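Peer 1: Got a structure for you, data32.cif, holding mmCIF, C-alpha atoms.
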data_protein
loop_
_atom_site.group_PDB
_atom_site.id
_atom_site.type_symbol
_atom_site.label_atom_id
_atom_site.label_comp_id
_atom_site.auth_asym_id
_atom_site.auth_seq_id
_atom_site.Cartn_x
_atom_site.Cartn_y
_atom_site.Cartn_z
ATOM 1 C CA MET A 1 -123.681 -1.470 -50.145
ATOM 2 C CA LEU A 2 -121.500 0.889 -48.130
ATOM 3 C CA LEU A 3 -121.295 4.633 -48.852
ATOM 4 C CA PHE A 4 -118.534 6.782 -47.333
ATOM 5 C CA ASN A 5 -118.494 10.571 -47.542
ATOM 6 C CA THR A 6 -115.167 11.258 -45.818
ATOM 7 C CA GLN A 7 -111.701 9.974 -46.535
ATOM 8 C CA ASN A 8 -111.023 9.163 -42.871
ATOM 9 C CA GLU A 9 -114.053 6.858 -42.683
ATOM 10 C CA LEU A 10 -113.082 5.106 -45.911
ATOM 11 C CA ILE A 11 -109.447 4.663 -44.850
ATOM 12 C CA SER A 12 -110.531 3.190 -41.503
ATOM 13 C CA HIS A 13 -112.903 0.745 -43.191
ATOM 14 C CA LEU A 14 -110.363 -0.385 -45.802
ATOM 15 C CA ASN A 15 -107.730 -0.882 -43.089
ATOM 16 C CA PHE A 16 -110.240 -3.012 -41.161
ATOM 17 C CA ILE A 17 -111.310 -5.318 -44.010
ATOM 18 C CA SER A 18 -108.050 -5.695 -45.960
ATOM 19 C CA ASN A 19 -105.030 -7.885 -45.323
ATOM 20 C CA GLU A 20 -101.862 -8.974 -47.140
ATOM 21 C CA SER A 21 -103.800 -11.248 -49.495
ATOM 22 C CA SER A 22 -106.400 -8.589 -50.396
ATOM 23 C CA SER A 23 -106.527 -7.019 -53.831
ATOM 24 C CA ILE A 24 -108.253 -3.640 -54.052
ATOM 25 C CA GLY A 25 -109.807 -2.653 -57.359
ATOM 26 C CA PHE A 26 -110.649 1.017 -57.863
ATOM 27 C CA VAL A 27 -112.751 2.893 -60.429
ATOM 28 C CA PRO A 28 -112.479 6.721 -60.123
ATOM 29 C CA THR A 29 -115.447 8.561 -61.664
ATOM 30 C CA MET A 30 -117.212 11.908 -61.631
ATOM 31 C CA GLY A 31 -120.601 10.200 -61.442
ATOM 32 C CA ALA A 32 -123.511 10.326 -63.906
ATOM 33 C CA LEU A 33 -122.634 6.682 -64.419
ATOM 34 C CA HIS A 34 -123.273 4.887 -67.704
ATOM 35 C CA GLN A 35 -122.587 1.424 -69.088
ATOM 36 C CA GLY A 36 -118.959 2.324 -69.760
ATOM 37 C CA HIS A 37 -118.420 2.895 -66.043
ATOM 38 C CA MET A 38 -120.258 -0.351 -65.316
ATOM 39 C CA SER A 39 -117.892 -2.248 -67.597
ATOM 40 C CA LEU A 40 -114.942 -0.869 -65.588
ATOM 41 C CA LEU A 41 -116.608 -2.003 -62.359
ATOM 42 C CA GLU A 42 -117.250 -5.455 -63.797
ATOM 43 C CA GLU A 43 -113.585 -5.745 -64.776
ATOM 44 C CA SER A 44 -112.600 -4.721 -61.256
ATOM 45 C CA LEU A 45 -114.972 -7.273 -59.700
ATOM 46 C CA ARG A 46 -113.486 -10.064 -61.812
ATOM 47 C CA ASN A 47 -109.964 -9.384 -60.608
ATOM 48 C CA ASN A 48 -110.089 -8.074 -57.032
ATOM 49 C CA THR A 49 -111.339 -9.096 -53.596
ATOM 50 C CA ILE A 50 -112.299 -5.538 -52.542
ATOM 51 C CA ASN A 51 -113.843 -3.037 -54.966
ATOM 52 C CA VAL A 52 -114.194 0.728 -54.592
ATOM 53 C CA ILE A 53 -115.759 3.345 -56.858
ATOM 54 C CA SER A 54 -115.385 7.076 -56.232
ATOM 55 C CA ILE A 55 -117.981 9.630 -57.314
ATOM 56 C CA PHE A 56 -116.496 13.099 -57.157
ATOM 57 C CA VAL A 57 -116.876 16.043 -59.526
ATOM 58 C CA ASN A 58 -113.405 17.544 -59.295
ATOM 59 C CA PRO A 59 -113.533 21.359 -59.669
ATOM 60 C CA THR A 60 -109.823 21.848 -60.394
ATOM 61 C CA GLN A 61 -109.941 19.944 -63.699
ATOM 62 C CA PHE A 62 -112.594 22.250 -65.186
ATOM 63 C CA ASN A 63 -111.284 25.315 -66.975
ATOM 64 C CA ASN A 64 -114.841 26.308 -67.934
ATOM 65 C CA PRO A 65 -117.037 27.346 -64.933
ATOM 66 C CA GLU A 66 -120.213 26.795 -66.989
ATOM 67 C CA ASP A 67 -119.158 23.220 -67.774
ATOM 68 C CA LEU A 68 -118.578 22.561 -64.067
ATOM 69 C CA ALA A 69 -121.938 24.068 -63.107
ATOM 70 C CA ASN A 70 -123.782 21.993 -65.721
ATOM 71 C CA TYR A 71 -122.001 18.706 -65.074
ATOM 72 C CA PRO A 72 -124.711 16.150 -64.162
ATOM 73 C CA LYS A 73 -124.880 15.078 -60.504
ATOM 74 C CA THR A 74 -126.982 11.938 -60.040
ATOM 75 C CA LEU A 75 -125.746 10.161 -56.893
ATOM 76 C CA VAL A 76 -129.023 8.361 -56.082
ATOM 77 C CA LYS A 77 -129.336 6.971 -59.638
ATOM 78 C CA ASP A 78 -125.631 6.107 -59.615
ATOM 79 C CA MET A 79 -126.032 4.119 -56.396
ATOM 80 C CA ASP A 80 -128.944 2.180 -57.916
ATOM 81 C CA LYS A 81 -126.856 1.275 -60.976
ATOM 82 C CA ILE A 82 -123.915 0.148 -58.832
ATOM 83 C CA LYS A 83 -126.175 -2.011 -56.669
ATOM 84 C CA MET A 84 -127.467 -3.811 -59.761
ATOM 85 C CA ILE A 85 -123.934 -5.072 -60.380
ATOM 86 C CA SER A 86 -123.031 -5.880 -56.786
ATOM 87 C CA ASP A 87 -124.087 -4.694 -53.349
ATOM 88 C CA GLU A 88 -120.558 -5.349 -52.089
ATOM 89 C CA ILE A 89 -118.993 -2.432 -53.976
ATOM 90 C CA ILE A 90 -117.790 0.363 -51.689
ATOM 91 C CA VAL A 91 -118.848 3.860 -52.802
ATOM 92 C CA PHE A 92 -116.758 6.903 -51.912
ATOM 93 C CA ALA A 93 -118.576 10.202 -52.525
ATOM 94 C CA PRO A 94 -116.659 12.926 -50.657
ATOM 95 C CA SER A 95 -117.242 16.666 -50.608
ATOM 96 C CA VAL A 96 -114.859 19.199 -52.160
ATOM 97 C CA GLU A 97 -114.050 20.386 -48.632
ATOM 98 C CA ASP A 98 -113.089 16.876 -47.517
ATOM 99 C CA MET A 99 -110.884 16.194 -50.544
ATOM 100 C CA TYR A 100 -109.143 19.573 -50.643
ATOM 101 C CA GLN A 101 -109.193 20.399 -46.931
ATOM 102 C CA GLY A 102 -110.325 23.962 -47.571
ATOM 103 C CA LYS A 103 -107.710 24.756 -50.240
ATOM 104 C CA THR A 104 -109.249 23.977 -53.627
ATOM 105 C CA GLU A 105 -106.109 24.302 -55.713
ATOM 106 C CA SER A 106 -104.331 21.893 -58.014
ATOM 107 C CA GLN A 107 -100.730 20.777 -57.699
ATOM 108 C CA HIS A 108 -98.418 21.357 -60.675
ATOM 109 C CA PHE A 109 -97.188 18.240 -62.469
ATOM 110 C CA ASP A 110 -94.590 17.489 -65.127
ATOM 111 C CA PHE A 111 -95.849 14.636 -67.272
ATOM 112 C CA ASP A 112 -92.882 14.773 -69.671
ATOM 113 C CA GLY A 113 -94.854 16.777 -72.229
ATOM 114 C CA LEU A 114 -97.885 14.475 -72.453
ATOM 115 C CA GLU A 115 -99.926 17.259 -70.839
ATOM 116 C CA ASN A 116 -99.141 19.814 -73.573
ATOM 117 C CA GLN A 117 -101.036 18.139 -76.412
ATOM 118 C CA MET A 118 -104.723 18.182 -77.359
ATOM 119 C CA GLU A 119 -106.779 18.350 -74.137
ATOM 120 C CA GLY A 120 -103.924 20.112 -72.343
ATOM 121 C CA LYS A 121 -103.595 22.660 -75.125
ATOM 122 C CA PHE A 122 -107.291 23.528 -75.185
ATOM 123 C CA ARG A 123 -108.024 23.136 -71.443
ATOM 124 C CA PRO A 124 -105.259 24.957 -69.531
ATOM 125 C CA GLY A 125 -104.608 23.433 -66.106
ATOM 126 C CA HIS A 126 -106.884 20.468 -66.772
ATOM 127 C CA PHE A 127 -104.278 17.765 -66.233
ATOM 128 C CA ASP A 128 -102.876 19.417 -63.111
ATOM 129 C CA GLY A 129 -106.397 19.070 -61.711
ATOM 130 C CA VAL A 130 -106.650 15.455 -62.872
ATOM 131 C CA GLY A 131 -103.229 14.575 -61.450
ATOM 132 C CA THR A 132 -104.007 16.262 -58.128
ATOM 133 C CA ILE A 133 -107.245 14.380 -57.494
ATOM 134 C CA VAL A 134 -106.158 10.985 -58.846
ATOM 135 C CA LYS A 135 -102.974 11.134 -56.763
ATOM 136 C CA ARG A 136 -105.049 11.948 -53.670
ATOM 137 C CA LEU A 137 -107.547 9.180 -54.411
ATOM 138 C CA PHE A 138 -104.726 6.661 -54.871
ATOM 139 C CA GLU A 139 -103.263 7.736 -51.517
ATOM 140 C CA ILE A 140 -106.643 7.248 -49.821
ATOM 141 C CA VAL A 141 -107.781 3.969 -51.442
ATOM 142 C CA LYS A 142 -104.312 2.435 -51.981
ATOM 143 C CA PRO A 143 -105.624 0.313 -54.868
ATOM 144 C CA THR A 144 -103.875 -2.713 -56.293
ATOM 145 C CA ASN A 145 -105.502 -2.054 -59.670
ATOM 146 C CA ALA A 146 -107.186 1.115 -60.968
ATOM 147 C CA TYR A 147 -109.408 1.085 -64.057
ATOM 148 C CA PHE A 148 -109.808 3.856 -66.643
ATOM 149 C CA GLY A 149 -111.600 3.956 -69.995
ATOM 150 C CA GLU A 150 -109.572 4.461 -73.171
ATOM 151 C CA LYS A 151 -111.947 7.197 -74.380
ATOM 152 C CA ASP A 152 -109.802 9.502 -72.254
ATOM 153 C CA PHE A 153 -106.631 8.009 -73.749
ATOM 154 C CA GLN A 154 -104.467 11.063 -73.057
ATOM 155 C CA GLN A 155 -105.594 11.027 -69.415
ATOM 156 C CA LEU A 156 -104.791 7.303 -69.217
ATOM 157 C CA LEU A 157 -101.213 7.880 -70.420
ATOM 158 C CA ILE A 158 -100.793 10.817 -68.038
ATOM 159 C CA ILE A 159 -101.950 8.797 -65.025
ATOM 160 C CA LYS A 160 -99.575 5.986 -65.991
ATOM 161 C CA LYS A 161 -96.780 8.562 -66.239
ATOM 162 C CA MET A 162 -97.655 10.002 -62.814
ATOM 163 C CA VAL A 163 -97.610 6.537 -61.224
ATOM 164 C CA GLU A 164 -94.244 5.820 -62.854
ATOM 165 C CA LYS A 165 -92.641 9.121 -61.793
ATOM 166 C CA LEU A 166 -93.988 9.030 -58.234
ATOM 167 C CA LYS A 167 -93.273 5.280 -57.900
ATOM 168 C CA MET A 168 -96.817 4.594 -56.744
ATOM 169 C CA LYS A 169 -97.697 0.938 -56.201
ATOM 170 C CA VAL A 170 -100.782 0.679 -58.383
ATOM 171 C CA ASN A 171 -101.440 -1.026 -61.705
ATOM 172 C CA VAL A 172 -103.235 1.401 -64.046
ATOM 173 C CA MET A 173 -105.468 -0.596 -66.364
ATOM 174 C CA GLY A 174 -106.877 0.819 -69.606
ATOM 175 C CA CYS A 175 -110.223 -0.638 -70.720
ATOM 176 C CA PRO A 176 -111.871 -0.468 -74.171
ATOM 177 C CA ILE A 177 -114.233 2.352 -75.082
ATOM 178 C CA TYR A 178 -117.878 1.465 -74.482
ATOM 179 C CA ARG A 179 -120.142 2.805 -77.230
ATOM 180 C CA GLU A 180 -123.815 3.483 -77.684
ATOM 181 C CA PRO A 181 -125.571 1.405 -80.407
ATOM 182 C CA ASN A 182 -124.954 4.191 -82.955
ATOM 183 C CA GLY A 183 -121.207 4.264 -82.177
ATOM 184 C CA LEU A 184 -121.155 7.418 -80.019
ATOM 185 C CA ALA A 185 -118.595 6.979 -77.230
ATOM 186 C CA MET A 186 -120.412 6.736 -73.906
ATOM 187 C CA SER A 187 -119.902 9.812 -71.753
ATOM 188 C CA SER A 188 -121.643 11.435 -68.812
ATOM 189 C CA ARG A 189 -121.966 14.549 -70.989
ATOM 190 C CA ASN A 190 -124.179 12.600 -73.421
ATOM 191 C CA GLU A 191 -126.976 13.040 -70.857
ATOM 192 C CA ARG A 192 -127.022 16.752 -71.694
ATOM 193 C CA LEU A 193 -127.713 16.112 -75.381
ATOM 194 C CA THR A 194 -131.264 16.132 -76.735
ATOM 195 C CA PRO A 195 -132.397 12.805 -78.279
ATOM 196 C CA LEU A 196 -131.868 14.302 -81.756
ATOM 197 C CA GLU A 197 -128.398 15.644 -80.870
ATOM 198 C CA ARG A 198 -127.466 12.273 -79.409
ATOM 199 C CA GLN A 199 -128.527 10.603 -82.625
ATOM 200 C CA LYS A 200 -126.666 13.105 -84.826
ATOM 201 C CA ALA A 201 -123.509 12.900 -82.662
ATOM 202 C CA ALA A 202 -122.919 9.426 -84.095
ATOM 203 C CA ILE A 203 -121.245 11.257 -86.984
ATOM 204 C CA ILE A 204 -118.205 11.849 -84.747
ATOM 205 C CA PHE A 205 -117.348 8.150 -84.546
ATOM 206 C CA GLN A 206 -118.386 7.529 -88.156
ATOM 207 C CA THR A 207 -115.975 10.273 -89.266
ATOM 208 C CA ILE A 208 -112.951 9.013 -87.328
ATOM 209 C CA LEU A 209 -113.720 5.481 -88.514
ATOM 210 C CA LYS A 210 -113.527 6.741 -92.116
ATOM 211 C CA ALA A 211 -110.341 8.624 -91.180
ATOM 212 C CA LYS A 212 -108.818 5.360 -89.969
ATOM 213 C CA ASN A 213 -109.520 3.735 -93.335
ATOM 214 C CA LEU A 214 -108.131 6.739 -95.232
ATOM 215 C CA PHE A 215 -104.964 6.735 -93.100
ATOM 216 C CA THR A 216 -103.781 3.560 -94.854
ATOM 217 C CA SER A 217 -103.418 5.380 -98.180
ATOM 218 C CA LYS A 218 -103.590 9.144 -97.545
ATOM 219 C CA SER A 219 -101.264 11.649 -95.882
ATOM 220 C CA VAL A 220 -101.898 13.094 -92.421
ATOM 221 C CA ASN A 221 -102.875 16.446 -93.957
ATOM 222 C CA GLU A 222 -105.337 14.804 -96.341
ATOM 223 C CA VAL A 223 -106.993 12.818 -93.541
ATOM 224 C CA THR A 224 -107.187 15.915 -91.338
ATOM 225 C CA GLN A 225 -108.772 17.933 -94.142
ATOM 226 C CA PHE A 226 -111.284 15.160 -94.764
ATOM 227 C CA VAL A 227 -112.403 15.276 -91.112
ATOM 228 C CA LYS A 228 -112.767 19.067 -91.214
ATOM 229 C CA ASN A 229 -114.790 18.857 -94.438
ATOM 230 C CA GLU A 230 -117.098 16.206 -92.981
ATOM 231 C CA LEU A 231 -117.911 18.060 -89.780
ATOM 232 C CA ILE A 232 -118.404 21.447 -91.432
ATOM 233 C CA LYS A 233 -121.545 19.938 -92.988
ATOM 234 C CA TYR A 234 -123.191 20.018 -89.553
ATOM 235 C CA PRO A 235 -123.935 23.590 -88.414
ATOM 236 C CA ASP A 236 -124.653 22.450 -84.821
ATOM 237 C CA PHE A 237 -121.158 20.933 -84.597
ATOM 238 C CA GLU A 238 -117.959 22.846 -83.917
ATOM 239 C CA LEU A 239 -114.671 20.959 -84.353
ATOM 240 C CA GLU A 240 -112.224 22.023 -81.639
ATOM 241 C CA TYR A 241 -109.407 19.753 -82.789
ATOM 242 C CA PHE A 242 -108.594 16.646 -84.757
ATOM 243 C CA GLN A 243 -105.090 15.281 -84.312
ATOM 244 C CA ILE A 244 -103.225 12.202 -85.429
ATOM 245 C CA ALA A 245 -100.536 11.487 -82.856
ATOM 246 C CA ASP A 246 -97.885 8.992 -81.854
ATOM 247 C CA GLU A 247 -99.676 6.642 -79.459
ATOM 248 C CA SER A 248 -96.841 6.623 -76.917
ATOM 249 C CA THR A 249 -95.653 10.270 -76.923
ATOM 250 C CA LEU A 250 -98.866 11.974 -78.170
ATOM 251 C CA LEU A 251 -96.712 14.165 -80.414
ATOM 252 C CA PRO A 252 -98.444 15.086 -83.678
ATOM 253 C CA CYS A 253 -97.711 12.824 -86.620
ATOM 254 C CA ILE A 254 -96.135 14.835 -89.433
ATOM 255 C CA ARG A 255 -95.023 11.990 -91.636
ATOM 256 C CA LYS A 256 -96.057 8.353 -91.153
ATOM 257 C CA SER A 257 -93.512 5.781 -90.001
ATOM 258 C CA LYS A 258 -94.141 2.030 -90.247
ATOM 259 C CA SER A 259 -92.364 1.514 -86.921
ATOM 260 C CA LYS A 260 -94.803 3.671 -84.908
ATOM 261 C CA LYS A 261 -98.349 3.265 -83.677
ATOM 262 C CA TYR A 262 -100.726 6.134 -84.286
ATOM 263 C CA ARG A 263 -104.047 7.211 -82.845
ATOM 264 C CA ALA A 264 -106.616 9.795 -83.934
ATOM 265 C CA PHE A 265 -108.059 12.181 -81.326
ATOM 266 C CA ILE A 266 -111.057 14.456 -81.756
ATOM 267 C CA ALA A 267 -113.003 17.018 -79.701
ATOM 268 C CA VAL A 268 -116.306 18.425 -80.944
ATOM 269 C CA PHE A 269 -118.824 20.843 -79.448
ATOM 270 C CA VAL A 270 -122.450 19.937 -80.066
ATOM 271 C CA ASN A 271 -124.393 23.053 -79.028
ATOM 272 C CA LYS A 272 -121.774 23.897 -76.367
ATOM 273 C CA ILE A 273 -121.592 20.304 -75.070
ATOM 274 C CA ARG A 274 -118.044 19.037 -75.497
ATOM 275 C CA LEU A 275 -117.558 15.461 -76.714
ATOM 276 C CA ILE A 276 -114.270 13.625 -77.290
ATOM 277 C CA ASP A 277 -113.366 10.361 -78.989
ATOM 278 C CA THR A 278 -110.315 8.457 -80.147
ATOM 279 C CA ILE A 279 -109.434 5.494 -82.328
ATOM 280 C CA SER A 280 -106.276 3.477 -82.958
ATOM 281 C CA LEU A 281 -105.098 3.832 -86.568
ATOM 282 C CA ASN A 282 -102.808 0.791 -86.798
#
Represent the structure contained in this file as structure tokens.
Peer 2:
Amino acid sequence: MLLFNTQNELISHLNFISNESSSIGFVPTMGALHQGHMSLLEESLRNNTINVISIFVNPTQFNNPEDLANYPKTLVKDMDKIKMISDEIIVFAPSVEDMYQGKTESQHFDFDGLENQMEGKFRPGHFDGVGTIVKRLFEIVKPTNAYFGEKDFQQLLIIKKMVEKLKMKVNVMGCPIYREPNGLAMSSRNERLTPLERQKAAIIFQTILKAKNLFTSKSVNEVTQFVKNELIKYPDFELEYFQIADESTLLPCIRKSKSKKYRAFIAVFVNKIRLIDTISLN
């Protein structure tokens, strides 16, 4: 299994091994890999001749310095997990200096308003950081197909919008959320939870699953109030937001329309550890 730490080395290698018939699959990650990441890699392996995974904790998408400092960094374990799937996967684990060339700043993007909802509202500058690094990674790897989990559904739509607006030649593929046995959406941040917190955090998915069922007969306000009432029962949990939104524009749903698809989005702090989840309501 090949590991590259600089973009120049990776670009040279990809230029050497690829040709017109090659298909490059790419899975961008921030490491601390879990089975959800592995499922993205497996999807990439099924559909591409060359497969690349990046492991890079991007500082410009963190608006909370403490969150950045505490983000798990487990490169050796990550490499072992990747090798169990295939030893032909190319790993790209660059430094901040290499990616940002000494100027660790994000570019400003206009994602047609997708960036102003939910995560964008509560994490100022987050999606500029995401757009900056994903754009750079796409320029380096030049993937045919790039794979992202639907847990970060807003991010998925934003990356698709960026590719569309910049006319980048990459297919952005959304893949289903991978869940722990208790329903908790798999996330690198789950590693920071205690075993008891991890067990209790199952209530997040259980609550939005109940919200989905209620959505068939109740108003948006009633469903939202139900979610708030459920989570207030858990003193260790702090609801940051729950929003029902149009699945294509991410604008909040005020009144239901049979012609639109809706999705519920939630962000919860469990003892300062921020967890997100989402579920389709149609």
Peer 1: Go through A:Leu231, A:Leu275, A:Met173, A:Val130 and flag the residue nearest A:Arg198, using only C-alpha atoms for the distances.
Peer 2: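 Smallest separation from A:Arg198 among the options: A:Leu275.
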Peer 1: Compile the contact shell of A:Arg189 as a PyMOL selection string: residues with an atom at most 8 Å away, counting all atoms listed in the file, same-chain residues fewer than 2 positions apart removed.
Peer 2: chain A and resi 71-72+187+191-193+273-275
Peer 1: With distances taken over all atoms listed in the file, which of A:Glu66, A:Glu20, A:Glu88, A:Asp246 is nearest to A:Leu41?
Peer 2: A:Glu88
Peer 1: Can you measure atom CA of A:His34 to atom CA of A:Leu281 for me? One decimal in Å is fine.
Peer 2: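 Computed distance, atom CA of A:His34 to atom CA of A:Leu281, equals 26.2 Å.
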Peer 1: Given only C-alpha atoms as the basis, pick out the residue of A:Ile232, A:Ile55, A:Met186, A:Val220 nearest to A:Pro252.
Peer 2: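 Once distances to A:Pro252 are computed over only C-alpha atoms, the minimum belongs to A:Val220.
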Peer 1: For the atom pair atom CA of A:Lys151 and atom CA of A:Cys175, what is the interatomic distance in Å to one decimal place?
Peer 2: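 Going from atom CA of A:Lys151 over to atom CA of A:Cys175 covers 8.8 Å.
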Peer 1: Between A:Val163, A:Ile158, A:Ala32, A:Ile11, which has the minimum distance to A:Gly113 (counting only C-alpha atoms)?
Peer 2: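 Closest to A:Gly113 of all the choices is A:Ile158.
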Peer 1: Distance atom CA of A:Phe215-atom CA of A:Phe122, one decimal place?
Peer 2: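 Taking atom CA of A:Phe215 and atom CA of A:Phe122, their separation equals 24.7 Å.
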Peer 1: Selection in question (the file shown): the PyMOL selection byres ((chain A and resi 178) around 10). Which residues does it include, as a ChimeraX atom specification?
Peer 2: /A:34-40,149-151,175-177,179-181,183-187
Peer 1: Between A:Thr144, A:Asn282, A:Thr60, A:Gln107, which is the closest to A:Ser18 once you count all atoms listed in the file?
Peer 2: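 That would be A:Thr144, the residue with the smallest distance to A:Ser18.
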Peer 1: Pull out every residue that the PyMOL selection byres ((chain A and resi 118) around 8) matches in the shown coordinates and put them as a PDB file with C-alpha atoms, keeping the file's coordinate frame.
Peer 2:
ATOM      1  CA  ASN A 116     -99.141  19.814 -73.573  1.00  0.00           C
ATOM      2  CA  GLN A 117    -101.036  18.139 -76.412  1.00  0.00           C
ATOM      3  CA  GLU A 119    -106.779  18.350 -74.137  1.00  0.00           C
ATOM      4  CA  GLY A 120    -103.924  20.112 -72.343  1.00  0.00           C
ATOM      5  CA  LYS A 121    -103.595  22.660 -75.125  1.00  0.00           C
ATOM      6  CA  PHE A 122    -107.291  23.528 -75.185  1.00  0.00           C
ATOM      7  CA  TYR A 241    -109.407  19.753 -82.789  1.00  0.00           C
ATOM      8  CA  GLN A 243    -105.090  15.281 -84.312  1.00  0.00           C
ATOM      9  CA  PHE A 265    -108.059  12.181 -81.326  1.00  0.00           C
TER      10      PHE A 265
END
Peer 1: Hey, can I get the axis-aligned box for stretch 12-28 of chain A? All listed atoms, 5 Å padding on each side, centre and edge lengths in Å to one decimal, as AutoDock Vina command-line options.
Peer 2:
--center_x -107.4 --center_y -2.3 --center_z -50.8 --size_x 21.0 --size_y 28.0 --size_z 29.3
Peer 1: Pick out the residues sitting within 6 Å of A:Phe237, and hand them over as a ChimeraX atom specification; count all atoms listed in the file, and ignore anything fewer than 2 positions along from it in its own chain.
Peer 2: /A:234-235,269-270
Peer 1: Go through A:Asn64, A:Thr224, A:Gln101, A:Ser95 one by one, measure the shortest atom-to-atom distance of each to A:Lys272 using only C-alpha atoms, and give the residue with the smallest value.
Peer 2: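 Using only C-alpha atoms, the shortest distance to A:Lys272 belongs to A:Asn64.
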